[in-house]
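In what follows, a single structure is set out as structure tokens and then discussed.
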There are 4 protein chains.
Amino acid sequence: MFNLLTTLVDNNRIYGKQGKLASYIPSLLEADPEHLGICIVELNSGREFHAGDCDTKFTIQSISKVVSLILALSDNGRENVFKKVNVEPTGMGFNSIINLEVRNKKIPYNPMINAGAIVTTSLIYGQSKEEKFERIIEFLRRATNNQNISINEEVYECEKITGDRNRSLAYFMKSNKVLEGNVEEILDLYFRQCSIEVTARDLARFGAVLANDGLAPWNGQRLMSRDVCRIAKTIMVTCGMYDASGEFAVKVGIPAKSGVGGGILATVPRSYGIGIYGPSLDKKGNSIAGLRLIKDLSDELDLSIF
Amino acid sequence: MFNLLTTLVDNNRIYGKQGKLASYIPSLLEADPEHLGICIVELNSGREFHAGDCDTKFTIQSISKVVSLILALSDNGRENVFKKVNVEPTGMGFNSIINLEVRNKKIPYNPMINAGAIVTTSLIYGQSKEEKFERIIEFLRRATNNQNISINEEVYECEKITGDRNRSLAYFMKSNKVLEGNVEEILDLYFRQCSIEVTARDLARFGAVLANDGLAPWNGQRLMSRDVCRIAKTIMVTCGMYDASGEFAVKVGIPAKSGVGGGILATVPRSYGIGIYGPSLDKKGNSIAGLRLIKDLSDELDLSIF
Amino acid sequence: MFNLLTTLVDNNRIYGKQGKLASYIPSLLEADPEHLGICIVELNSGREFHAGDCDTKFTIQSISKVVSLILALSDNGRENVFKKVNVEPTGMGFNSIINLEVRNKKIPYNPMINAGAIVTTSLIYGQSKEEKFERIIEFLRRATNNQNISINEEVYECEKITGDRNRSLAYFMKSNKVLEGNVEEILDLYFRQCSIEVTARDLARFGAVLANDGLAPWNGQRLMSRDVCRIAKTIMVTCGMYDASGEFAVKVGIPAKSGVGGGILATVPRSYGIGIYGPSLDKKGNSIAGLRLIKDLSDELDLSIF
Amino acid sequence: MFNLLTTLVDNNRIYGKQGKLASYIPSLLEADPEHLGICIVELNSGREFHAGDCDTKFTIQSISKVVSLILALSDNGRENVFKKVNVEPTGMGFNSIINLEVRNKKIPYNPMINAGAIVTTSLIYGQSKEEKFERIIEFLRRATNNQNISINEEVYECEKITGDRNRSLAYFMKSNKVLEGNVEEILDLYFRQCSIEVTARDLARFGAVLANDGLAPWNGQRLMSRDVCRIAKTIMVTCGMYDASGEFAVKVGIPAKSGVGGGILATVPRSYGIGIYGPSLDKKGNSIAGLRLIKDLSDELDLSIF
């Protein structure tokens, strides 16, 4: 396995040159486009395999949508969550607002687009913004077995400044009563969760928890119910890779979620957790080398669930 | 003329029962749905004719879009304004956001929909928000020959509280760099101008200025250039009555702009200024009795410019 | 006037180089992109002024939409026509199908887009396709005072072959019961009317009939009712120049209709009929030199109706 | 298993009363809305279990989209097919045309919506329309181990008459060069394949072939490559249940495809083929009782692949 990972990382690292770093925040531009790393946690053996830049920190960005979905479901139950956000994929981009207007039912298409994640974030329990954020980061610490998980303050500040499209989405939903509560507070929480720093190793462990039906493999602790875990994995398959989700399902065939920080969280039910880092992105916002790496891995290990 | 107006008001007052008052702000619901009034200023004679509730105050609402267009054009020139807002009609509703997303060029369709008016408002010159608002209200005072024009503070406060759809539009445009400056300040100015109180008589005089190519008929003072005046009238024809503009042009055939406060500002080039008040609205947000009244008037006096 | 026209044609002819000939039909590509001609019929004097290529034949294309609107209105009355086609402008392109799907009411936006003109064409009375076409061409012969008006068979055959987008629109409306009757027959009539050949002089006379409220100035014959004439002119202002109608209204300010054959039919109520020919088109499908010519003319003669 | 199926059918049969039969074709209205049947083929044992109306014939309708996808992929290879049709889910309805217009790339979203299936049908090899259809029906005969599979001529004739929306989609794609060849011939083939009659038992066997990676379990014959089989199952998960695909994935979690004839084809990789019949439909066009039945079954047998 170790040799395989090393070979695949070496083969695909070069594709970083063909993509672009996310540029809407200056500090994202500081990443090295040829960085590429992977970590795999094998459920059976409990072993971690890795290759490349698997301990480089990057911001979790949209992968946090999986966390807010899990917490919203755990706190509110699926019925209450799916009154506020649908679970249908959409062919539109991740920050599309047309989706909110055209349909009769004005709730977001799914929890993996920005509008939907703003809704799930708003549904997380907590007495205060701080408590809610504490619950998010604490969940991630336990799901990654890494107590050092913390926020990148610089990215957070920038997210807040450049977040006007998300403000637009949020106020739109507020005006339709899909979103309740203080919009700026909800957005602040949303920007914070996007700015949490992780590594490919962290994501692999998180993926292992998902693969293991919600139980942390290293200590048997249940982090979410089996049902919540299954819903999260299902929505990752249908909507996890932005508007390339369908193509990813055909080519790779496993639940995954990407972020513009360059991360990919993936999970093979009952088998593996996978974390990937490659900051250079394709046009749809997915890690360009990371996508190739995970496709090669899926072909080699026959990972597709279909 | 006086008899004609009285008859037309009497005939059409009953249609107020078939519409609905604007309800998004409590104080708008205090209006009497059977109120109906008209005032006409004849350019030739300088005389004012009126009938019905022509001195009842109401908030100007979307009719203020004509004012911000005029000031934006006067301050910036047509080229600079039309870089930021198009002049094409749209079949969509006045607060549609789909219009901003679908097209390649992400500027609003025209200055008579909310997104477009937020842009023109942002272009009005002034050192401060207060100075900008002072310029707007002073323009209206001169265009109505009424120094008592002022704001309805209660409506203004409510506009601000309920303005989330407009916030969504504004942040969307801010994220696309169509809107520049502080969004909340621009919106505050926008909400203020919508909350200015006028009467049908005030609107008739404003219409007379437009009919007179920008010169106040009562004192010969030029309030805008002939070119700006013509642009305003043209856009009123193509886009002034929300998504019923085309039908209004066919049935009535004169430049007009309505507001959800129940007002209609209309103008017959070289002939008349017309102001109407009837707070009960049809489904598209136009005064239901007012529309019928102005249609009857156009038929009687053969007002269509086509 | 003659000198003015000559100067304006000379000044604007060069802009033909900046546009493109319509290319979807081979024979349209045979036109000379630097051809430019204008003819004006003055109602008062009955005189015709012309300059440039005003006797070059070209296919009428979308200008025929004015004819089918007039005949549909005359045959069915405005209420029956406007049950089947709206009169609202649309910011979308002339052959957009999204317009038919998004709205609740699935009728076309207006009679100047393809979908709307297919509907008005379907409403023209006649026992057979041949009789209907005979009525269309006979109307044009009388409106242009030119008995030689006839069809360009080559263009007609090509329209038929390349008309799949129009077929799509028609079957869409058929499936929604907006269009009744045999789709291929209706389309055949539609393609035929688009393929009628005219000159700038012909269009100027047609414009003079419209300017004269429906009476042919040369023999006093009524070709349509005053009401139908007014509706046609109104819709030409709001929707006549594809999705540049709003800009045209602001810059030129008179009822006009363009076609991809390079023609522009324009009319100044109570004053002039105007015909223009310039086959090189801008991106929106309007004659590029023709637009500049008519704008200059409007500025010189102060033609705007606003 | 037999008892379980009987209980589930009995429990869910009543929901047929809450739905509606497809009504666009008269003969579809002749079905009994309380019919409900299921058949399961177990790969391990090769046994067939069934309950309820599992031998009632109905037309395959949209389930044929799986067949045309499989044949198009087998004939052309995935690269050539996915140049002409995407694999992204869409939140829009199955016959939406907006999807074709809004996006830059004008190919259909996926092969499970009508536009996409018209494309895959057009890609099936064959010298003539007849030969192509023979290949489709022969494939189904082998995949169902039922040589008696044939077409319902009455439904076919009606599909042809009422198929204007599909004509609209096809001509739209023809005009964009996405569809090649004779549109009416392609549509005829499409209507034919929709009119093939099957039973729940037939579908269960087809599902077993898919579950078995493309090999017919009863004779070991390979009906498609493993890769084609996997692609088909993947697209069934992301797009198989119209715009309820996302919800179905969350609730049931297995590849499935429904048709308005009341059928559901489902497959549990490596385990089961499932066929269901229940002609009463919900608002999205899926069998209303059938959906509940398969959800209960998935819960009981823990079928979700996630």
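Every chain in the structure tokens has a letter given in the order shown (A, B, ...), and although residue numbers restart at 1 in each chain, ligands are simply numbered from 1 in the order shown.
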Could you give me, as a Markdown table, a per-residue list for chain B showing, wherever an atom lies at most 7 Å from an atom of chain A, the closest pair of atoms and their distance in Å to one decimal, using only C-alpha atoms and sorting by chain then residue number from low to high?
| residue | atom | partner | partner_atom | distance |
| --- | --- | --- | --- | --- |
| B:Ile98 | CA | A:Ile98 | CA | 5.0 |
| B:Glu101 | CA | A:Ile98 | CA | 6.7 |
| B:Asp164 | CA | A:Ser175 | CA | 5.1 |
| B:Arg165 | CA | A:Phe172 | CA | 5.3 |
| B:Arg167 | CA | A:Tyr171 | CA | 6.2 |
| B:Ser168 | CA | A:Ser168 | CA | 3.9 |
| B:Leu169 | CA | A:Ser168 | CA | 6.4 |
| B:Tyr171 | CA | A:Ser168 | CA | 4.9 |
| B:Phe172 | CA | A:Ser168 | CA | 5.1 |
| B:Lys174 | CA | A:Asp164 | CA | 6.5 |
| B:Ser175 | CA | A:Asp164 | CA | 5.1 |
- Please provide the set of residues having any atom within 12 Å of Asp32 (chain B), restricted to only C-alpha atoms, with same-chain residues fewer than 4 positions apart removed, written as number ranges by chain. B: 13-14, 16-17, 19-22, 27-28, 36-37, 53, 56-58, 261-262, 277-281
- Could you write out, as a PyMOL selection string, all the residues of region 117-265 of chain D that DSSP marks as alpha helix (DSSP H)? chain D and resi 117-123+129-144+153-161+164-175+183-194+200-211+226-239+245-251
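Residues within 10 Å of Asn146 (chain C), counting only C-alpha atoms and excluding same-chain residues fewer than 5 positions away, are Glu138, Leu140, Arg141, Val198, Arg201, Asp202 and Arg205 of chain C.
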- Within 12 Å of Phe206 (chain C), counting only C-alpha atoms, which residues show up once you throw out same-chain ones fewer than 4 positions away? Write them as a ChimeraX atom specification, please. /C:39-41,43,63-64,66-67,139-146,198-202,210-218,223-224,229,233,256-257,264-268,272-276
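Contact shell of region 148-151 of chain B at 8 Å (only C-alpha atoms; same-chain neighbours under 4 positions omitted): Ile137, Leu140, Arg141, Tyr156, Arg192, Gln193, Ser195, Ile196, Glu197 and Val198 of chain B.
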Could the residues in this selection be written to a file with N, CA and C atoms, as a PDB file, in the first residue's frame?
ATOM      1  N   ILE B 137     -34.310  64.595  -1.589  1.00  0.00           N
ATOM      2  CA  ILE B 137     -35.562  65.203  -1.108  1.00  0.00           C
ATOM      3  C   ILE B 137     -35.685  66.641  -1.617  1.00  0.00           C
ATOM      4  N   LEU B 140     -37.024  66.516  -5.075  1.00  0.00           N
ATOM      5  CA  LEU B 140     -38.461  66.272  -5.072  1.00  0.00           C
ATOM      6  C   LEU B 140     -39.248  67.516  -4.656  1.00  0.00           C
ATOM      7  N   ARG B 141     -38.715  68.254  -3.701  1.00  0.00           N
ATOM      8  CA  ARG B 141     -39.416  69.485  -3.269  1.00  0.00           C
ATOM      9  C   ARG B 141     -39.524  70.470  -4.423  1.00  0.00           C
ATOM     10  N   TYR B 156     -39.949  54.152   7.025  1.00  0.00           N
ATOM     11  CA  TYR B 156     -38.506  53.996   6.844  1.00  0.00           C
ATOM     12  C   TYR B 156     -37.940  52.935   7.780  1.00  0.00           C
ATOM     13  N   ARG B 192     -34.631  55.095   2.675  1.00  0.00           N
ATOM     14  CA  ARG B 192     -35.083  56.453   2.981  1.00  0.00           C
ATOM     15  C   ARG B 192     -35.871  57.044   1.818  1.00  0.00           C
ATOM     16  N   GLN B 193     -35.303  56.915   0.620  1.00  0.00           N
ATOM     17  CA  GLN B 193     -35.967  57.559  -0.515  1.00  0.00           C
ATOM     18  C   GLN B 193     -37.313  56.904  -0.792  1.00  0.00           C
ATOM     19  N   SER B 195     -39.314  55.988   1.389  1.00  0.00           N
ATOM     20  CA  SER B 195     -40.220  56.329   2.484  1.00  0.00           C
ATOM     21  C   SER B 195     -40.666  57.787   2.460  1.00  0.00           C
ATOM     22  N   ILE B 196     -40.319  58.494   1.413  1.00  0.00           N
ATOM     23  CA  ILE B 196     -40.734  59.890   1.296  1.00  0.00           C
ATOM     24  C   ILE B 196     -42.234  59.947   1.005  1.00  0.00           C
ATOM     25  N   GLU B 197     -42.924  60.890   1.684  1.00  0.00           N
ATOM     26  CA  GLU B 197     -44.368  61.010   1.502  1.00  0.00           C
ATOM     27  C   GLU B 197     -44.732  62.055   0.450  1.00  0.00           C
ATOM     28  N   VAL B 198     -45.649  61.690  -0.410  1.00  0.00           N
ATOM     29  CA  VAL B 198     -46.138  62.615  -1.440  1.00  0.00           C
ATOM     30  C   VAL B 198     -47.649  62.493  -1.552  1.00  0.00           C
TER      31      VAL B 198
END
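CA of Ile136 (chain D) sits 13.3 Å away from CA of Ile186 (chain D).
Compared by their closest atoms to Leu5 (chain B), and using only C-alpha atoms, the residues B:Ile305, B:Leu293, B:Leu29, B:Ile70 rank with B:Leu293 nearest.
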- Thr238 (chain B): which residues within 8 Å, counting only C-alpha atoms, same-chain residues fewer than 4 positions away excluded, as a VMD selection string? (chain B and resid 88 to 89 234 245 to 246 249) or (chain C and resid 89 237 to 238 246)
- Task: List every residue of region 37-278 of chain A that DSSP, applied to the backbone, labels as strand (DSSP E or B), and write the result as a PyMOL selection string.
- Result: chain A and resi 37-42+48-52+58-59+150-151+196-198+215+222+256-258+263-268+272-277
- The distance between CA of Gly220 (chain D) and CA of Gln147 (chain D) is 17.1 Å
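We find CA of Gln61 (chain A) and CA of Gln18 (chain A) to be spaced 21.5 Å apart.
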Neighbour list for Val252 (chain C) as a PDB file with C-alpha atoms, in the first residue's frame, cut-off 7 Å, only C-alpha atoms, skip fewer than 2 positions in-chain:
ATOM      1  CA  PHE C 248     -32.849  51.658 -28.914  1.00  0.00           C
ATOM      2  CA  ALA C 249     -35.774  53.390 -27.223  1.00  0.00           C
ATOM      3  CA  VAL C 250     -33.371  55.466 -25.125  1.00  0.00           C
ATOM      4  CA  ILE C 254     -39.271  55.631 -32.219  1.00  0.00           C
ATOM      5  CA  LYS C 295     -29.689  57.187 -34.430  1.00  0.00           C
ATOM      6  CA  SER C 298     -33.217  60.811 -34.894  1.00  0.00           C
ATOM      7  CA  SER C 304     -37.917  60.727 -30.362  1.00  0.00           C
TER       8      SER C 304
END
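Distances to Leu4 (chain D) were evaluated for D:His35, D:Asp188, D:Glu180, D:Asp299 using only C-alpha atoms, and the minimum falls at D:Asp299.
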